[in-house]
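Visitor: So that you have it, the file is data_28.txt, and it contains compact mmCIF, C-alpha atoms:
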```
# COMPACT_ATOMS: atom_id res chain seq x y z
CA MET A 185 -27.41 -4.35 -25.07
CA GLN A 186 -27.35 -7.86 -26.50
CA THR A 187 -28.90 -10.60 -24.36
CA PRO A 188 -26.28 -13.26 -23.70
CA MET A 189 -27.00 -16.70 -25.08
CA CYS A 190 -26.26 -20.10 -23.61
CA TRP A 191 -23.05 -21.44 -25.18
CA SER A 192 -24.57 -24.95 -25.20
CA CYS A 193 -28.19 -24.65 -26.40
CA GLY A 194 -28.41 -21.04 -27.62
CA ALA A 195 -31.29 -20.05 -25.33
CA PRO A 196 -31.14 -16.51 -23.84
CA VAL A 197 -29.51 -16.38 -20.38
CA GLU A 198 -29.91 -13.73 -17.71
CA ALA A 199 -26.73 -11.77 -16.97
CA ALA A 200 -26.44 -12.95 -13.34
CA ALA A 201 -27.43 -16.58 -14.03
CA SER A 202 -24.82 -19.27 -13.42
CA PHE A 203 -26.86 -21.90 -15.25
CA CYS A 204 -28.94 -21.95 -18.42
CA ALA A 205 -32.63 -22.15 -17.52
CA ALA A 206 -33.32 -24.24 -20.62
CA CYS A 207 -30.55 -26.87 -20.68
CA GLN A 208 -28.97 -26.42 -17.17
CA ALA A 209 -25.46 -26.00 -18.63
CA VAL A 210 -23.11 -23.97 -16.44
CA GLN A 211 -22.46 -20.47 -17.84
CA PRO A 212 -19.21 -18.45 -17.87
CA PRO A 213 -18.72 -16.09 -14.87
CA GLY A 214 -19.36 -12.93 -16.91
CA GLN A 215 -18.64 -9.36 -15.87
CA LEU A 216 -20.52 -9.21 -12.57
CA ASP A 217 -19.09 -7.17 -9.72
CA HIS A 218 -18.35 -9.07 -6.50
CA PHE A 219 -21.51 -7.87 -4.76
CA ALA A 220 -23.78 -8.90 -7.63
CA ARG A 221 -22.00 -12.24 -7.95
CA LEU A 222 -22.95 -13.06 -4.37
CA GLY A 223 -26.42 -11.55 -4.66
CA LEU A 224 -25.65 -8.80 -2.13
CA GLY A 225 -26.43 -5.09 -2.32
CA ARG A 226 -23.46 -2.87 -3.12
CA GLY A 227 -22.30 -1.13 0.06
CA TYR A 228 -19.60 -1.23 2.73
CA THR A 229 -21.78 -2.77 5.42
CA VAL A 230 -21.99 -6.49 4.69
CA ASP A 231 -23.87 -9.05 6.76
CA LEU A 232 -21.07 -11.61 7.12
CA ALA A 233 -23.48 -14.46 7.92
CA ALA A 234 -25.46 -13.70 4.75
CA LEU A 235 -22.18 -13.50 2.82
CA ASP A 236 -21.17 -16.96 4.09
CA ARG A 237 -24.59 -18.42 3.24
CA ALA A 238 -24.56 -16.99 -0.28
CA TYR A 239 -21.00 -18.17 -0.86
CA PHE A 240 -21.50 -21.73 0.34
CA ALA A 241 -24.81 -22.09 -1.55
CA LEU A 242 -23.14 -21.03 -4.82
CA GLN A 243 -20.01 -23.01 -4.06
CA ARG A 244 -22.08 -26.20 -3.70
CA ARG A 245 -23.51 -25.73 -7.18
CA LEU A 246 -20.37 -24.49 -8.93
CA HIS A 247 -17.57 -26.50 -7.40
CA PRO A 248 -15.47 -28.26 -10.10
CA ASP A 249 -15.94 -31.57 -8.24
CA ARG A 250 -19.54 -31.55 -9.44
CA PHE A 251 -18.43 -31.40 -13.06
CA VAL A 252 -15.92 -34.27 -13.28
CA ARG A 253 -18.31 -36.30 -15.44
CA LYS A 254 -19.28 -33.38 -17.68
CA GLN A 255 -17.86 -32.21 -21.00
CA PRO A 256 -14.38 -30.58 -20.91
CA ARG A 257 -15.94 -27.22 -21.75
CA GLU A 258 -18.31 -27.39 -18.78
CA ARG A 259 -15.45 -28.46 -16.53
CA ALA A 260 -13.36 -25.50 -17.66
CA ILE A 261 -16.27 -23.07 -17.15
CA SER A 262 -16.97 -24.42 -13.66
CA GLN A 263 -13.34 -23.76 -12.77
CA GLN A 264 -13.67 -20.16 -13.96
CA GLN A 265 -16.87 -19.83 -11.97
CA ALA A 266 -15.31 -21.23 -8.80
CA ALA A 267 -12.29 -18.93 -9.15
CA ALA A 268 -14.51 -15.85 -9.66
CA LEU A 269 -16.66 -16.86 -6.70
CA ASN A 270 -13.67 -17.35 -4.40
CA GLU A 271 -12.19 -14.02 -5.43
CA ALA A 272 -15.50 -12.26 -4.75
CA TYR A 273 -15.90 -13.96 -1.37
CA GLU A 274 -12.35 -13.30 -0.14
CA THR A 275 -12.55 -9.67 -1.22
CA LEU A 276 -15.87 -8.95 0.46
CA LYS A 277 -15.06 -10.87 3.64
CA HIS A 278 -11.91 -8.90 4.44
CA PRO A 279 -12.82 -5.39 5.69
CA ILE A 280 -9.76 -3.65 4.19
CA ARG A 281 -9.95 -5.47 0.84
CA ARG A 282 -13.69 -4.78 0.71
CA ALA A 283 -13.04 -1.07 1.30
CA ARG A 284 -10.40 -0.94 -1.46
CA TYR A 285 -12.65 -2.79 -3.87
CA LEU A 286 -15.70 -0.66 -3.21
CA ALA A 287 -13.58 2.49 -3.43
CA GLU A 288 -12.37 1.35 -6.87
CA LEU A 289 -15.97 0.78 -7.98
CA MET A 290 -16.68 4.35 -6.84
CA ASP A 291 -13.65 5.67 -8.78
CA VAL A 292 -11.85 6.85 -5.65
CA ASP A 293 -8.30 7.74 -6.70
CA LEU A 294 -6.02 5.28 -4.85
CA PRO A 295 -2.26 5.32 -5.48
CA GLY A 296 -0.56 2.15 -6.63
CA ASP A 297 3.16 1.45 -6.26
CA GLY A 298 5.53 4.26 -6.94
CA ARG A 299 5.02 7.92 -6.27
CA THR A 300 4.68 9.17 -2.76
CA ILE A 301 1.37 10.17 -1.23
CA ASP A 302 0.92 13.81 -0.31
CA ASP A 303 -0.21 13.45 3.28
CA PRO A 304 2.51 14.66 5.69
CA GLN A 305 0.39 13.97 8.76
CA LEU A 306 -0.18 10.33 7.84
CA LEU A 307 3.48 9.84 6.87
CA MET A 308 4.59 11.38 10.16
CA GLU A 309 2.28 9.05 12.06
CA ALA A 310 3.65 6.03 10.17
CA MET A 311 7.27 7.13 10.71
CA GLU A 312 6.77 7.72 14.44
CA ALA A 313 5.05 4.35 14.86
CA ARG A 314 7.90 2.52 13.12
CA GLU A 315 10.49 4.41 15.18
CA ALA A 316 8.70 3.43 18.39
CA LEU A 317 8.66 -0.19 17.21
CA ALA A 318 12.38 -0.11 16.40
CA GLU A 319 13.07 1.21 19.91
CA ALA A 320 10.80 -1.27 21.73
CA GLY A 321 13.11 -3.70 23.49
CA THR A 322 10.74 -6.18 25.10
CA VAL A 323 7.91 -8.43 23.97
CA ALA A 324 5.52 -6.56 26.29
CA GLU A 325 6.41 -3.21 24.73
CA VAL A 326 5.89 -4.58 21.23
CA GLN A 327 2.56 -6.13 22.27
CA ALA A 328 1.36 -2.78 23.61
CA LEU A 329 2.20 -1.07 20.29
CA GLU A 330 0.58 -3.91 18.36
CA ARG A 331 -2.60 -3.65 20.44
CA ARG A 332 -2.76 0.11 19.91
CA SER A 333 -2.44 -0.34 16.15
CA ARG A 334 -5.14 -3.00 16.09
CA ASP A 335 -7.46 -0.71 18.05
CA GLU A 336 -6.76 2.16 15.66
CA SER A 337 -7.35 -0.17 12.74
CA ASP A 338 -10.71 -1.29 14.17
CA ALA A 339 -11.73 2.33 14.75
CA ALA A 340 -10.75 3.26 11.17
CA ILE A 341 -12.78 0.35 9.78
CA ALA A 342 -15.79 1.41 11.87
CA ALA A 343 -15.41 4.97 10.58
CA LEU A 344 -15.40 3.70 6.98
CA ARG A 345 -19.08 2.74 7.20
CA GLU A 346 -20.07 6.34 7.75
CA LEU A 347 -17.64 7.58 5.08
CA PHE A 348 -19.04 5.17 2.50
CA THR A 349 -22.61 6.07 3.44
CA ARG A 350 -21.79 9.72 2.78
CA ALA A 351 -19.69 8.79 -0.31
CA ASP A 352 -16.93 10.99 1.14
CA GLN A 353 -14.23 10.24 -1.46
CA ALA A 354 -11.40 12.14 0.23
CA GLY A 355 -12.23 10.62 3.61
CA ILE A 356 -12.41 7.10 2.15
CA ARG A 357 -9.07 7.55 0.39
CA ARG A 358 -7.37 8.74 3.54
CA ALA A 359 -8.85 5.96 5.70
CA ILE A 360 -7.76 3.27 3.22
CA LEU A 361 -4.20 4.61 3.04
CA ARG A 362 -4.03 4.81 6.82
CA LEU A 363 -5.31 1.23 7.12
CA ALA A 364 -2.58 0.08 4.71
CA TYR A 365 0.04 1.53 7.07
CA LEU A 366 -1.64 0.15 10.20
CA ASP A 367 -1.85 -3.28 8.57
CA LYS A 368 1.83 -3.19 7.67
CA PHE A 369 2.70 -2.04 11.19
CA VAL A 370 0.89 -4.97 12.79
CA GLU A 371 2.73 -7.34 10.44
CA GLU A 372 6.11 -5.79 11.33
CA ALA A 373 5.27 -5.78 15.05
CA ARG A 374 4.40 -9.48 14.92
CA ALA A 375 7.73 -10.25 13.25
CA ARG A 376 9.60 -8.18 15.83
CA ARG A 377 7.75 -9.82 18.72
CA LEU A 378 8.63 -13.31 17.45
CA ASN A 379 12.24 -12.21 17.05
CA LEU A 380 12.44 -10.84 20.59
CA GLY A 381 10.59 -13.86 21.96
CA SER A 382 12.97 -16.39 20.43
CA ALA A 383 16.04 -14.35 21.40
CA GLY A 384 14.86 -14.01 25.01
CA PRO A 385 16.18 -16.03 27.95
CA MET T 277 14.57 -12.78 -6.17
CA ALA T 278 18.20 -12.01 -5.38
CA TYR T 279 19.33 -8.50 -4.53
CA SER T 280 22.29 -7.10 -6.40
CA ASP T 281 25.63 -6.78 -4.57
CA LYS T 282 25.21 -3.01 -4.40
CA VAL T 283 21.79 -3.28 -2.77
CA VAL T 284 23.13 -5.79 -0.25
CA ASP T 285 26.09 -3.50 0.47
CA HIS T 286 23.84 -0.49 1.18
CA TYR T 287 21.40 -2.64 3.13
CA GLU T 288 24.09 -4.13 5.36
CA ASN T 289 26.15 -0.94 5.66
CA PRO T 290 23.68 1.87 5.18
CA ARG T 291 25.37 5.27 4.77
CA ASN T 292 24.21 8.32 6.69
CA VAL T 293 21.46 6.81 8.80
CA GLY T 294 20.03 9.25 11.29
CA SER T 295 18.30 12.57 11.70
CA LEU T 296 19.10 16.27 11.42
CA ASP T 297 17.22 18.99 13.31
CA LYS T 298 14.14 19.44 11.18
CA ASN T 299 13.48 22.88 12.67
CA ALA T 300 16.91 24.27 11.71
CA GLU T 301 16.81 26.91 8.96
CA ASP T 302 19.55 25.25 6.92
CA VAL T 303 17.93 21.78 7.01
CA GLY T 304 15.40 20.54 4.47
CA THR T 305 13.29 17.48 5.30
CA GLY T 306 11.49 15.22 2.85
CA LEU T 307 9.05 12.69 4.23
CA VAL T 308 7.55 10.34 1.66
CA GLY T 309 5.88 6.98 1.55
CA ALA T 310 4.03 4.44 -0.54
CA PRO T 311 1.17 2.85 1.40
CA ALA T 312 0.89 -0.04 -1.07
CA CYS T 313 4.09 -1.53 0.37
CA GLY T 314 3.93 0.24 3.74
CA ASP T 315 7.22 2.04 3.09
CA VAL T 316 8.04 5.30 4.79
CA MET T 317 11.21 7.27 4.03
CA LYS T 318 12.71 10.40 5.57
CA LEU T 319 15.57 12.19 3.83
CA GLN T 320 17.21 15.34 5.16
CA ILE T 321 19.81 17.72 3.79
CA LYS T 322 21.90 20.41 5.53
CA VAL T 323 22.81 23.22 3.16
CA GLY T 324 25.73 25.63 3.56
CA VAL T 325 25.58 29.38 2.78
CA ASP T 326 27.15 28.63 -0.63
CA GLY T 327 24.21 26.38 -1.54
CA VAL T 328 26.28 23.20 -1.25
CA ILE T 329 24.82 20.23 0.63
CA GLU T 330 27.15 19.65 3.58
CA ASP T 331 25.37 16.72 5.15
CA ALA T 332 22.54 14.31 4.40
CA LYS T 333 20.76 11.77 6.58
CA PHE T 334 18.02 9.25 6.00
CA LYS T 335 15.75 6.94 7.88
CA THR T 336 13.77 4.37 5.91
CA PHE T 337 11.39 1.65 7.00
CA GLY T 338 10.85 -0.59 4.02
CA CYS T 339 12.39 -3.30 1.88
CA GLY T 340 16.09 -3.63 1.07
CA SER T 341 15.71 -1.77 -2.22
CA ALA T 342 14.03 1.20 -0.54
CA ILE T 343 16.79 1.36 2.09
CA ALA T 344 19.52 1.05 -0.54
CA SER T 345 17.91 3.72 -2.77
CA SER T 346 17.71 6.29 0.04
CA SER T 347 21.18 5.41 1.34
CA LEU T 348 22.64 5.91 -2.14
CA VAL T 349 20.92 9.27 -2.58
CA THR T 350 22.39 10.63 0.67
CA GLU T 351 25.81 9.56 -0.58
CA TRP T 352 25.31 11.19 -3.96
CA VAL T 353 23.96 14.56 -2.80
CA LYS T 354 26.73 15.38 -0.33
CA GLY T 355 29.02 17.99 -1.90
CA LYS T 356 26.52 18.79 -4.64
CA THR T 357 24.67 22.08 -4.90
CA VAL T 358 20.93 22.02 -4.27
CA ASP T 359 20.34 22.64 -7.98
CA GLU T 360 22.56 19.70 -8.94
CA ALA T 361 20.92 17.42 -6.39
CA GLU T 362 17.52 18.27 -7.81
CA THR T 363 18.45 16.72 -11.15
CA ILE T 364 18.94 13.21 -9.71
CA LYS T 365 16.63 10.83 -11.55
CA ASN T 366 15.17 7.59 -10.28
CA THR T 367 16.47 5.87 -13.43
CA GLU T 368 20.05 6.64 -12.35
CA ILE T 369 19.39 5.20 -8.90
CA ALA T 370 17.75 2.07 -10.34
CA LYS T 371 20.60 1.59 -12.83
CA HIS T 372 23.34 2.01 -10.23
CA LEU T 373 21.70 -0.49 -7.87
CA ALA T 374 20.62 -2.82 -10.71
CA LEU T 375 17.06 -2.84 -9.36
CA PRO T 376 14.71 -5.35 -11.00
CA PRO T 377 11.51 -3.95 -12.62
CA VAL T 378 9.33 -4.82 -9.59
CA LYS T 379 11.57 -2.66 -7.38
CA ILE T 380 11.79 0.41 -9.62
CA HIS T 381 9.16 2.11 -7.45
CA CYS T 382 11.66 2.18 -4.55
CA SER T 383 13.97 4.39 -6.61
CA VAL T 384 10.99 6.57 -7.54
CA LEU T 385 10.31 7.04 -3.85
CA ALA T 386 13.94 8.05 -3.20
CA GLU T 387 13.73 10.64 -5.99
CA ASP T 388 10.49 11.96 -4.45
CA ALA T 389 12.28 12.14 -1.08
CA ILE T 390 15.24 14.28 -2.24
CA LYS T 391 12.87 16.54 -4.21
CA ALA T 392 10.66 16.96 -1.13
CA ALA T 393 13.71 17.75 1.05
CA ILE T 394 14.89 20.39 -1.43
CA ALA T 395 11.38 21.89 -1.65
CA ASP T 396 11.25 22.11 2.15
CA TYR T 397 14.69 23.77 2.29
CA ARG T 398 13.71 26.30 -0.41
CA ALA T 399 10.43 27.12 1.35
CA LYS T 400 12.38 27.87 4.53
CA ALA T 401 14.93 30.00 2.66
CA ALA T 402 12.15 31.98 0.92
CA LYS T 403 10.39 32.57 4.23
CA LYS T 404 13.62 33.79 5.78
CA GLN T 405 14.11 36.25 2.92
CA ASP T 406 10.54 37.53 3.32
CA GLU T 407 11.16 38.20 6.97
CA GLN T 408 14.50 39.97 6.53
CA PRO T 409 13.25 43.38 5.25
CA LYS T 410 10.82 43.59 8.15
CA ALA T 411 13.61 42.93 10.63
CA ALA T 412 15.67 45.74 9.05
CA GLU T 413 12.97 48.38 9.48
```
Will you turn the file into structure tokens for me?

Guide:
Amino acid sequence: MQTPMCWSCGAPVEAAASFCAACQAVQPPGQLDHFARLGLGRGYTVDLAALDRAYFALQRRLHPDRFVRKQPRERAISQQQAAALNEAYETLKHPIRRARYLAELMDVDLPGDGRTIDDPQLLMEAMEAREALAEAGTVAEVQALERRSRDESDAAIAALRELFTRADQAGIRRAILRLAYLDKFVEEARARRLNLGSAGP
Amino acid sequence: MAYSDKVVDHYENPRNVGSLDKNAEDVGTGLVGAPACGDVMKLQIKVGVDGVIEDAKFKTFGCGSAIASSSLVTEWVKGKTVDEAETIKNTEIAKHLALPPVKIHCSVLAEDAIKAAIADYRAKAAKKQDEQPKAAE
């Protein structure tokens, strides 16, 4: 593999380096995965305090505000760097997005839009939950359903750690699909609760 | 993005909302869903002895296009034979409702739903036929 070179001075640059060691020019974001970009090990369990520290340390050095007096090319590169950094941070911070991202890195087959999933049990669970929500007539009833879904969501996220540790592809796939439905349910429940609340006496 | 008049019509006046007895021998149930948008869709058919679909019901939790697509399919399949109903294509649904490209997947889901309902009905019919000779002995 060819060693990348600094666009400004031509010196060789390490793949994960944001700056040229020779001339200090900011380097393009490159093809790092989100974990490598933040200097974290690849895995589902992430120390959120360490994630924050890594993000803010990099953000301080790469923020476009620091490049206002630099050449247009450096300004443009710093914007790419900041965008890549934000994307990496937001993805790893959110437990469901992190799971999806890591699953994609592991080539777990996740469906996109379109064709149905072949999991009658999960679909039945989702249908029954939405029916119960449609029938809930009071804010308290909706809150109880919402709480149950949040608890189930938390339990599914906790179970993901073990599934990722074992690299259980089928289990990971199923948990991520279930979390997508639970997430949607909580969103719908919140909307319904606000509706009932404002329509109440 | 604006919905077409036909989508709005089906969304505001959905046809055939409800449920049929999923345990009945002459009822086929298709339950499908796309987790990416959190949609879940149930489509049921009731088939007469002549193989003609007498009744169809649906229940969909999803966006307007998903509701309209499933509502339209229940309307279309009534009076058709199971074999005819099986030939319904998502492109016909999308064209009739003038779905924009980002909503084509809703019509795909509705096609999956009618196919799943027919498969369920056929599985029940095949099982019934398997059991008949034993009952005659």

Visitor: Compile the residues of chain T that lie within 8 Å of chain A, evaluated using only C-alpha atoms, and express the compilation as a list of chain:residue names.

Guide: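 Within 8 Å of chain A on chain T, we get T:Leu307, T:Val308, T:Gly309, T:Ala310, T:Pro311, T:Ala312, T:Cys313, T:Gly314, T:Val316, T:Met317, T:Phe337, T:Ile380, T:His381, T:Cys382, T:Val384, T:Leu385, T:Asp388.
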
Visitor: Choose the residue, out of A:Val230, A:Leu380, A:Ala351, A:Ala340, that has the smallest atom-to-atom separation from Ala320 (chain A); count all atoms listed in the file.

Guide: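 The closest residue to Ala320 (chain A) is A:Leu380.
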
Visitor: Compile the contact shell of Lys365 (chain T) as a short mmCIF file (atom, residue, chain, number, x, y, z; two decimals) with C-alpha atoms, in the coordinates of the input: residues with an atom at most 10 Å away, counting only C-alpha atoms, same-chain residues fewer than 3 positions apart removed.

Guide:
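What landed in result.cif:
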```cif
data_model
loop_
_atom_site.label_atom_id
_atom_site.label_comp_id
_atom_site.auth_asym_id
_atom_site.auth_seq_id
_atom_site.Cartn_x
_atom_site.Cartn_y
_atom_site.Cartn_z
CA ALA T 361 20.92 17.42 -6.39
CA GLU T 362 17.52 18.27 -7.81
CA GLU T 368 20.05 6.64 -12.35
CA ILE T 369 19.39 5.20 -8.90
CA ALA T 370 17.75 2.07 -10.34
CA SER T 383 13.97 4.39 -6.61
CA VAL T 384 10.99 6.57 -7.54
CA ALA T 386 13.94 8.05 -3.20
CA GLU T 387 13.73 10.64 -5.99
CA ASP T 388 10.49 11.96 -4.45
#
```

Visitor: Taking all atoms of region 351-368 of chain A that the file lists and extending 4 Å past them on each side, where is the centre of the axis-aligned box and how long are its edges? Answer in Å to one decimal, as lines of an AutoDock Vina configuration file.

Guide:
```
center_x = -8.9
center_y = 4.4
center_z = 4.4
size_x = 29.5
size_y = 23.4
size_z = 19.7
```

Visitor: Just want the 7 Å neighbourhood of region 250-261 of chain A, counted on all atoms listed in the file, with same-chain residues fewer than 3 positions away dropped. Output as a short mmCIF file (atom, residue, chain, number, x, y, z; two decimals) with C-alpha atoms, in the frame of the given file.

Guide:
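That gives us around-v7.cif:
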```
data_model
loop_
_atom_site.label_atom_id
_atom_site.label_comp_id
_atom_site.auth_asym_id
_atom_site.auth_seq_id
_atom_site.Cartn_x
_atom_site.Cartn_y
_atom_site.Cartn_z
CA VAL A 210 -23.11 -23.97 -16.44
CA GLN A 211 -22.46 -20.47 -17.84
CA PRO A 212 -19.21 -18.45 -17.87
CA HIS A 247 -17.57 -26.50 -7.40
CA GLN A 264 -13.67 -20.16 -13.96
CA GLN A 265 -16.87 -19.83 -11.97
#
```

Visitor: Could you name the residues that touch region 232-235 of chain A at 9 Å or less, counting only C-alpha atoms, but leaving out those on the same chain fewer than 6 positions away, as a PyMOL selection string?

Guide: chain A and resi 222-224+273+276-277

Visitor: Which residues, written as a list in words, have at least one atom at most 10 Å from Arg398 (chain T), with all atoms listed in the file counted and residues fewer than 5 positions away on the same chain left out?

Guide: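 Non-adjacent residues within range: Glu301, Asp302, Val303, Gly304, Val358, Ala392, Ala393, Lys403 and Lys404 of chain T.
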
Visitor: For the atom pair CA of Val284 (chain T) and CA of Ser341 (chain T), what is the interatomic distance in Å to one decimal place?

Guide: 8.7 Å

Visitor: So, counting only C-alpha atoms, which residue among A:Leu289, A:His278, A:Thr322, A:Gly227 is closest to Arg350 (chain A)?

Guide: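 Among the listed residues, the smallest separation from Arg350 (chain A) belongs to A:Gly227.
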
Visitor: Figure out the distance between CA of Lys379 (chain T) and CA of Ser280 (chain T), please, to one decimal in Å.

Guide: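 Distance between the two atoms: 11.6 Å.
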
Visitor: Could you please fill out region 293-302 of chain A with all heavy atoms and send it back as a tab-separated table (two decimals), in the frame of the given file?

Guide:
```
chain	number	residue	atom	x	y	z
A	293	ASP	N	-9.65	7.76	-6.17
A	293	ASP	CA	-8.30	7.74	-6.70
A	293	ASP	C	-7.34	7.17	-5.64
A	293	ASP	O	-6.98	7.86	-4.69
A	293	ASP	CB	-7.91	9.17	-7.09
A	293	ASP	CG	-6.47	9.24	-7.54
A	293	ASP	OD1	-6.00	8.28	-8.16
A	293	ASP	OD2	-5.83	10.28	-7.27
A	294	LEU	N	-6.95	5.90	-5.80
A	294	LEU	CA	-6.02	5.28	-4.85
A	294	LEU	C	-4.67	5.10	-5.53
A	294	LEU	O	-4.61	4.63	-6.66
A	294	LEU	CB	-6.54	3.92	-4.39
A	294	LEU	CG	-7.81	3.92	-3.56
A	294	LEU	CD1	-8.29	2.49	-3.32
A	294	LEU	CD2	-7.60	4.63	-2.23
A	295	PRO	N	-3.56	5.46	-4.84
A	295	PRO	CA	-2.26	5.32	-5.48
A	295	PRO	C	-1.83	3.86	-5.52
A	295	PRO	O	-2.13	3.09	-4.61
A	295	PRO	CB	-1.34	6.12	-4.57
A	295	PRO	CG	-1.99	6.09	-3.24
A	295	PRO	CD	-3.46	5.95	-3.47
A	296	GLY	N	-1.16	3.47	-6.58
A	296	GLY	CA	-0.56	2.15	-6.63
A	296	GLY	C	0.87	2.23	-6.12
A	296	GLY	O	1.18	3.06	-5.28
A	297	ASP	N	1.74	1.36	-6.60
A	297	ASP	CA	3.16	1.45	-6.26
A	297	ASP	C	3.71	2.76	-6.81
A	297	ASP	O	3.13	3.35	-7.70
A	297	ASP	CB	3.93	0.31	-6.94
A	297	ASP	CG	3.70	-0.99	-6.19
A	297	ASP	OD1	3.09	-0.96	-5.12
A	297	ASP	OD2	4.12	-2.03	-6.72
A	298	GLY	N	4.85	3.15	-6.29
A	298	GLY	CA	5.53	4.26	-6.94
A	298	GLY	C	5.45	5.55	-6.17
A	298	GLY	O	5.81	5.59	-5.01
A	299	ARG	N	4.94	6.57	-6.82
A	299	ARG	CA	5.02	7.92	-6.27
A	299	ARG	C	4.49	8.01	-4.85
A	299	ARG	O	3.61	7.26	-4.45
A	299	ARG	CB	4.23	8.88	-7.16
A	299	ARG	CG	4.78	9.00	-8.57
A	299	ARG	CD	5.14	10.43	-8.89
A	299	ARG	NE	6.50	10.74	-8.59
A	299	ARG	CZ	7.49	10.73	-9.50
A	299	ARG	NH1	7.27	10.42	-10.73
A	299	ARG	NH2	8.72	11.05	-9.14
A	300	THR	N	5.07	8.97	-4.15
A	300	THR	CA	4.68	9.17	-2.76
A	300	THR	C	3.26	9.72	-2.65
A	300	THR	O	2.74	10.29	-3.61
A	300	THR	CB	5.66	10.16	-2.08
A	300	THR	OG1	5.28	10.30	-0.70
A	300	THR	CG2	5.62	11.52	-2.75
A	301	ILE	N	2.65	9.52	-1.50
A	301	ILE	CA	1.37	10.17	-1.23
A	301	ILE	C	1.65	11.54	-0.62
A	301	ILE	O	2.69	11.76	0.01
A	301	ILE	CB	0.49	9.35	-0.27
A	301	ILE	CG1	1.26	8.98	1.01
A	301	ILE	CG2	-0.01	8.11	-0.97
A	301	ILE	CD1	0.35	8.54	2.14
A	302	ASP	N	0.74	12.46	-0.83
A	302	ASP	CA	0.92	13.81	-0.31
A	302	ASP	C	0.07	13.97	0.94
A	302	ASP	O	-1.00	14.55	0.90
A	302	ASP	CB	0.52	14.83	-1.38
A	302	ASP	CG	0.79	16.24	-0.91
A	302	ASP	OD1	1.58	16.40	0.04
A	302	ASP	OD2	0.21	17.17	-1.47
```
